[in-house]
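Each remark here refers to the structure printed beneath this line.
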Amino acid sequence: MAVRLSPRAKSDRLLGTAAAARGGRALKASVTAPARDGRANEALLQLLARAWHLPRRNLSIVAGAASRNKTVRVTGDPGKLIAKLSAEIASLPGL
Amino acid sequence: MVRELLSLIIAAVAFCGSHVLLSSTWLRGSLRDQLGERGFLAVYSVTALVIFAWFVSAYAGAPTIVLWPRQRWTALVPVLVMPLATILLVAGYSTPNPTAVGMERSAGADDPAPGLLRVTRHPVMWAIGLWAISHVVANGDAASVLFFGAIAGLALGGTVLIDRKKQLALGSNWPRLAEATSNLPFAALIAGRTRLRWRDVSLLRVAAGLLLYAVLYLAHPIITGLPIVVP
């Protein structure tokens with residue numbers, strides 16, 4: 001999943017979806033943690049786990065750990081995950 | 001929420017149930033008669049270890065359901081409480097304790113409650129309890145309440161069950177121990193029933209406890225896979 005993350009924001013929040021830099025769409029999220037020592041990355045993964053009721057260990061950053069544009073891997077039962085995450089993401093505003 | 005967490009709930013019940021069943025019911029006496037004291041302790045230890053491993057894996061695989069938001073103060077609770085827990089843990093394992101398994105004889109010593117036993121006569125149980133409760137506060141999700149809550153309940157409820165058994169096992173030595181100590185940390189000291197003797201506590205134990213704290217703090221990402229995050 002493509003994510004565009006804003007660190008040092010006012011709140012930990014999923015903002016919506018927006019056109020991604022490399023085509024397709026990306027999830028936009030903000031976290032209060034600063035982008036240092038992996039703190040913003042960890043805050044993002046915890047935000048996603050909490051928002052989607054997933055175990056934190058099922059989420060990891062596979063690309064863009066040092067960039068605002070990240071790729072997050074979500075593991076689990078594909079059928080259930082796709083249905084659940086499509087519904088969650090569809091409920092977010094397009095930006 | 002119950003359905004999402006069902007496997008963790010089952011593991012929590014098995015974890016608490018197996019401990020209480022093996023330590024505090026007729027099953028203990030029956031197994032000890034058949035297997036002997038050492039055989040019984042071996043069965044107890046293996047059972048506890050296997051079920052705990054299952055409990056940990058059920059917790060790691062449980063969904064994250066937020067009950068209260070993470071804040072700076074909730075995240076700081078374990079950071080501040082854990083030094084006391086690690087000092088109690090080190091002291092608990094390095095001080096002869098009449099309430100520990102197989103240590104009943106030390107209740108007959110001149111001082112039945114040396115060192116930090118005067119803070120609490122159940123230092124290891126309180127170390128586990130403080131660890132668990134502080135992590136419930138910091139995590140604030142339903143799975144953590146079940147996992148750490150069950151551990152805290154068992155550890156701290158266990159102190160009452162252990163006291164009951166030791167009262168019988170120690171006989172006339174029990175009142176001496178009970179008078180010089182308390183279950184609740186610092187209660188006997190605050191009530192003035194006992195005094196800390198720093199020579200018995202030994203600075204080495206305190207230093208080793210703080211060293212253990214530092215190691216656990218730094219190794220937290222390696223041990224648990226999660227860094228310590230204070231917002």
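Every chain in the structure tokens has a letter given in the order shown (A, B, ...), and although residue numbers restart at 1 in each chain, ligands are simply numbered from 1 in the order shown.
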
Test item: chain A residues at most 6 Å from chain B, counting only C-alpha atoms, as a ChimeraX atom specification: /A:49-50,53-55

Env of Ala33 (chain A): 9 Å cut, atoms = only C-alpha atoms, seq-sep filter 5 positions within chain, self excluded. Answer as a short mmCIF file (atom, residue, chain, number, x, y, z; two decimals) with N, CA and C atoms, in the first residue's frame.
data_model
loop_
_atom_site.label_atom_id
_atom_site.label_comp_id
_atom_site.auth_asym_id
_atom_site.auth_seq_id
_atom_site.Cartn_x
_atom_site.Cartn_y
_atom_site.Cartn_z
N PRO A 7 5.08 13.92 8.87
CA PRO A 7 5.50 13.85 10.28
C PRO A 7 5.33 15.21 10.95
N ARG A 8 5.52 15.26 12.25
CA ARG A 8 5.43 16.50 13.03
C ARG A 8 4.13 17.24 12.79
N ALA A 9 3.02 16.51 12.64
CA ALA A 9 1.72 17.14 12.40
C ALA A 9 1.03 17.37 13.75
N ASP A 12 -2.28 12.36 15.08
CA ASP A 12 -2.09 11.09 14.38
C ASP A 12 -3.41 10.78 13.67
N ARG A 39 10.83 7.03 14.36
CA ARG A 39 9.68 7.28 15.23
C ARG A 39 8.40 7.55 14.44
N ALA A 40 8.52 8.31 13.33
CA ALA A 40 7.34 8.58 12.51
C ALA A 40 6.85 7.29 11.85
N ASN A 41 7.79 6.44 11.42
CA ASN A 41 7.41 5.17 10.81
C ASN A 41 6.63 4.31 11.80
N GLU A 42 7.15 4.21 13.03
CA GLU A 42 6.48 3.40 14.04
C GLU A 42 5.10 3.99 14.35
N ALA A 43 5.02 5.32 14.45
CA ALA A 43 3.74 5.96 14.73
C ALA A 43 2.74 5.66 13.60
N LEU A 44 3.23 5.67 12.34
CA LEU A 44 2.36 5.36 11.20
C LEU A 44 1.82 3.94 11.31
N PRO B 231 5.31 9.76 23.10
CA PRO B 231 4.93 10.88 22.22
C PRO B 231 5.43 12.23 22.78
#

Those in chain A with helix (DSSP H, G or I) from DSSP, as an MDAnalysis selection string: chainID A and resid 39:52 56:58 78:90

Could the residues in this selection be saved with N, CA and C atoms as a PDB file, in the first residue's frame?
ATOM      1  N   ARG A  39      10.826   7.029  14.358  1.00  0.00           N
ATOM      2  CA  ARG A  39       9.677   7.282  15.228  1.00  0.00           C
ATOM      3  C   ARG A  39       8.405   7.553  14.436  1.00  0.00           C
ATOM      4  N   ALA A  40       8.522   8.308  13.327  1.00  0.00           N
ATOM      5  CA  ALA A  40       7.340   8.584  12.506  1.00  0.00           C
ATOM      6  C   ALA A  40       6.854   7.292  11.849  1.00  0.00           C
ATOM      7  N   ASN A  41       7.790   6.445  11.421  1.00  0.00           N
ATOM      8  CA  ASN A  41       7.412   5.168  10.812  1.00  0.00           C
ATOM      9  C   ASN A  41       6.632   4.313  11.802  1.00  0.00           C
ATOM     10  N   GLU A  42       7.149   4.208  13.027  1.00  0.00           N
ATOM     11  CA  GLU A  42       6.476   3.403  14.037  1.00  0.00           C
ATOM     12  C   GLU A  42       5.097   3.992  14.354  1.00  0.00           C
ATOM     13  N   ALA A  43       5.024   5.316  14.446  1.00  0.00           N
ATOM     14  CA  ALA A  43       3.738   5.960  14.727  1.00  0.00           C
ATOM     15  C   ALA A  43       2.744   5.657  13.601  1.00  0.00           C
ATOM     16  N   LEU A  44       3.235   5.674  12.339  1.00  0.00           N
ATOM     17  CA  LEU A  44       2.356   5.362  11.201  1.00  0.00           C
ATOM     18  C   LEU A  44       1.820   3.937  11.310  1.00  0.00           C
ATOM     19  N   LEU A  45       2.722   2.979  11.576  1.00  0.00           N
ATOM     20  CA  LEU A  45       2.289   1.575  11.631  1.00  0.00           C
ATOM     21  C   LEU A  45       1.304   1.363  12.785  1.00  0.00           C
ATOM     22  N   GLN A  46       1.536   2.034  13.917  1.00  0.00           N
ATOM     23  CA  GLN A  46       0.596   1.896  15.036  1.00  0.00           C
ATOM     24  C   GLN A  46      -0.740   2.552  14.703  1.00  0.00           C
ATOM     25  N   LEU A  47      -0.675   3.682  13.997  1.00  0.00           N
ATOM     26  CA  LEU A  47      -1.916   4.355  13.574  1.00  0.00           C
ATOM     27  C   LEU A  47      -2.743   3.430  12.679  1.00  0.00           C
ATOM     28  N   LEU A  48      -2.081   2.775  11.714  1.00  0.00           N
ATOM     29  CA  LEU A  48      -2.793   1.881  10.799  1.00  0.00           C
ATOM     30  C   LEU A  48      -3.353   0.667  11.550  1.00  0.00           C
ATOM     31  N   ALA A  49      -2.544   0.095  12.463  1.00  0.00           N
ATOM     32  CA  ALA A  49      -3.003  -1.069  13.235  1.00  0.00           C
ATOM     33  C   ALA A  49      -4.241  -0.707  14.045  1.00  0.00           C
ATOM     34  N   ARG A  50      -4.215   0.481  14.622  1.00  0.00           N
ATOM     35  CA  ARG A  50      -5.335   0.916  15.464  1.00  0.00           C
ATOM     36  C   ARG A  50      -6.560   1.237  14.618  1.00  0.00           C
ATOM     37  N   ALA A  51      -6.335   1.896  13.464  1.00  0.00           N
ATOM     38  CA  ALA A  51      -7.466   2.284  12.625  1.00  0.00           C
ATOM     39  C   ALA A  51      -8.158   1.059  12.024  1.00  0.00           C
ATOM     40  N   TRP A  52      -7.361   0.052  11.701  1.00  0.00           N
ATOM     41  CA  TRP A  52      -7.937  -1.100  10.985  1.00  0.00           C
ATOM     42  C   TRP A  52      -8.062  -2.352  11.848  1.00  0.00           C
ATOM     43  N   ARG A  56      -0.267  -5.230  15.263  1.00  0.00           N
ATOM     44  CA  ARG A  56       0.818  -4.356  14.813  1.00  0.00           C
ATOM     45  C   ARG A  56       1.875  -5.139  14.029  1.00  0.00           C
ATOM     46  N   ARG A  57       2.093  -6.416  14.397  1.00  0.00           N
ATOM     47  CA  ARG A  57       3.165  -7.177  13.737  1.00  0.00           C
ATOM     48  C   ARG A  57       2.830  -7.523  12.280  1.00  0.00           C
ATOM     49  N   ASN A  58       1.552  -7.338  11.887  1.00  0.00           N
ATOM     50  CA  ASN A  58       1.172  -7.627  10.498  1.00  0.00           C
ATOM     51  C   ASN A  58       1.479  -6.466   9.557  1.00  0.00           C
ATOM     52  N   PRO A  78      -5.691 -12.759   2.624  1.00  0.00           N
ATOM     53  CA  PRO A  78      -5.891 -11.776   1.544  1.00  0.00           C
ATOM     54  C   PRO A  78      -7.370 -11.453   1.294  1.00  0.00           C
ATOM     55  N   GLY A  79      -8.224 -12.475   1.270  1.00  0.00           N
ATOM     56  CA  GLY A  79      -9.642 -12.247   0.990  1.00  0.00           C
ATOM     57  C   GLY A  79     -10.244 -11.271   1.983  1.00  0.00           C
ATOM     58  N   LYS A  80     -10.047 -11.559   3.258  1.00  0.00           N
ATOM     59  CA  LYS A  80     -10.620 -10.713   4.318  1.00  0.00           C
ATOM     60  C   LYS A  80     -10.008  -9.318   4.302  1.00  0.00           C
ATOM     61  N   LEU A  81      -8.656  -9.278   4.116  1.00  0.00           N
ATOM     62  CA  LEU A  81      -7.959  -7.985   4.169  1.00  0.00           C
ATOM     63  C   LEU A  81      -8.419  -7.056   3.061  1.00  0.00           C
ATOM     64  N   ILE A  82      -8.524  -7.612   1.839  1.00  0.00           N
ATOM     65  CA  ILE A  82      -8.883  -6.756   0.707  1.00  0.00           C
ATOM     66  C   ILE A  82     -10.279  -6.177   0.914  1.00  0.00           C
ATOM     67  N   ALA A  83     -11.216  -7.034   1.383  1.00  0.00           N
ATOM     68  CA  ALA A  83     -12.581  -6.546   1.622  1.00  0.00           C
ATOM     69  C   ALA A  83     -12.578  -5.469   2.697  1.00  0.00           C
ATOM     70  N   LYS A  84     -11.876  -5.760   3.788  1.00  0.00           N
ATOM     71  CA  LYS A  84     -11.884  -4.843   4.926  1.00  0.00           C
ATOM     72  C   LYS A  84     -11.199  -3.506   4.587  1.00  0.00           C
ATOM     73  N   LEU A  85     -10.002  -3.605   3.988  1.00  0.00           N
ATOM     74  CA  LEU A  85      -9.252  -2.379   3.721  1.00  0.00           C
ATOM     75  C   LEU A  85      -9.889  -1.563   2.599  1.00  0.00           C
ATOM     76  N   SER A  86     -10.496  -2.241   1.604  1.00  0.00           N
ATOM     77  CA  SER A  86     -11.180  -1.477   0.547  1.00  0.00           C
ATOM     78  C   SER A  86     -12.286  -0.641   1.164  1.00  0.00           C
ATOM     79  N   ALA A  87     -13.046  -1.257   2.080  1.00  0.00           N
ATOM     80  CA  ALA A  87     -14.153  -0.533   2.717  1.00  0.00           C
ATOM     81  C   ALA A  87     -13.617   0.621   3.562  1.00  0.00           C
ATOM     82  N   GLU A  88     -12.544   0.351   4.316  1.00  0.00           N
ATOM     83  CA  GLU A  88     -11.967   1.401   5.172  1.00  0.00           C
ATOM     84  C   GLU A  88     -11.483   2.585   4.324  1.00  0.00           C
ATOM     85  N   ILE A  89     -10.775   2.248   3.234  1.00  0.00           N
ATOM     86  CA  ILE A  89     -10.179   3.310   2.423  1.00  0.00           C
ATOM     87  C   ILE A  89     -11.253   4.058   1.647  1.00  0.00           C
ATOM     88  N   ALA A  90     -12.306   3.317   1.222  1.00  0.00           N
ATOM     89  CA  ALA A  90     -13.396   3.967   0.489  1.00  0.00           C
ATOM     90  C   ALA A  90     -14.113   4.992   1.370  1.00  0.00           C
TER      91      ALA A  90
END

Taking only C-alpha atoms into account, produce a table as JSON lines in which each residue of region 109-224 of chain B with an atom at most 7 Å from an atom of region 82-87 of chain B appears once, together with its shortest atom pair and the distance in Å to one decimal, ordered by chain and rising number.
{"residue": "B:Ala127", "atom": "CA", "partner": "B:Ala85", "partner_atom": "CA", "distance": 4.2}
{"residue": "B:Leu130", "atom": "CA", "partner": "B:Ala85", "partner_atom": "CA", "distance": 6.1}
{"residue": "B:Trp131", "atom": "CA", "partner": "B:Met82", "partner_atom": "CA", "distance": 6.2}
{"residue": "B:Arg205", "atom": "CA", "partner": "B:Ile87", "partner_atom": "CA", "distance": 6.9}
{"residue": "B:Val206", "atom": "CA", "partner": "B:Ile87", "partner_atom": "CA", "distance": 5.6}
{"residue": "B:Gly209", "atom": "CA", "partner": "B:Ile87", "partner_atom": "CA", "distance": 4.0}
{"residue": "B:Leu210", "atom": "CA", "partner": "B:Pro83", "partner_atom": "CA", "distance": 6.0}
{"residue": "B:Leu212", "atom": "CA", "partner": "B:Thr86", "partner_atom": "CA", "distance": 6.4}
{"residue": "B:Tyr213", "atom": "CA", "partner": "B:Pro83", "partner_atom": "CA", "distance": 5.8}

Gap from CA of Trp54 (chain B) to CA of Val81 (chain B) - Å, one decimal: 26.9 Å

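Nearest to Leu59 (chain A) of all the residues A:Ala21, A:Gly16, A:Met1, A:Ser30 is A:Met1, based on only C-alpha atoms.
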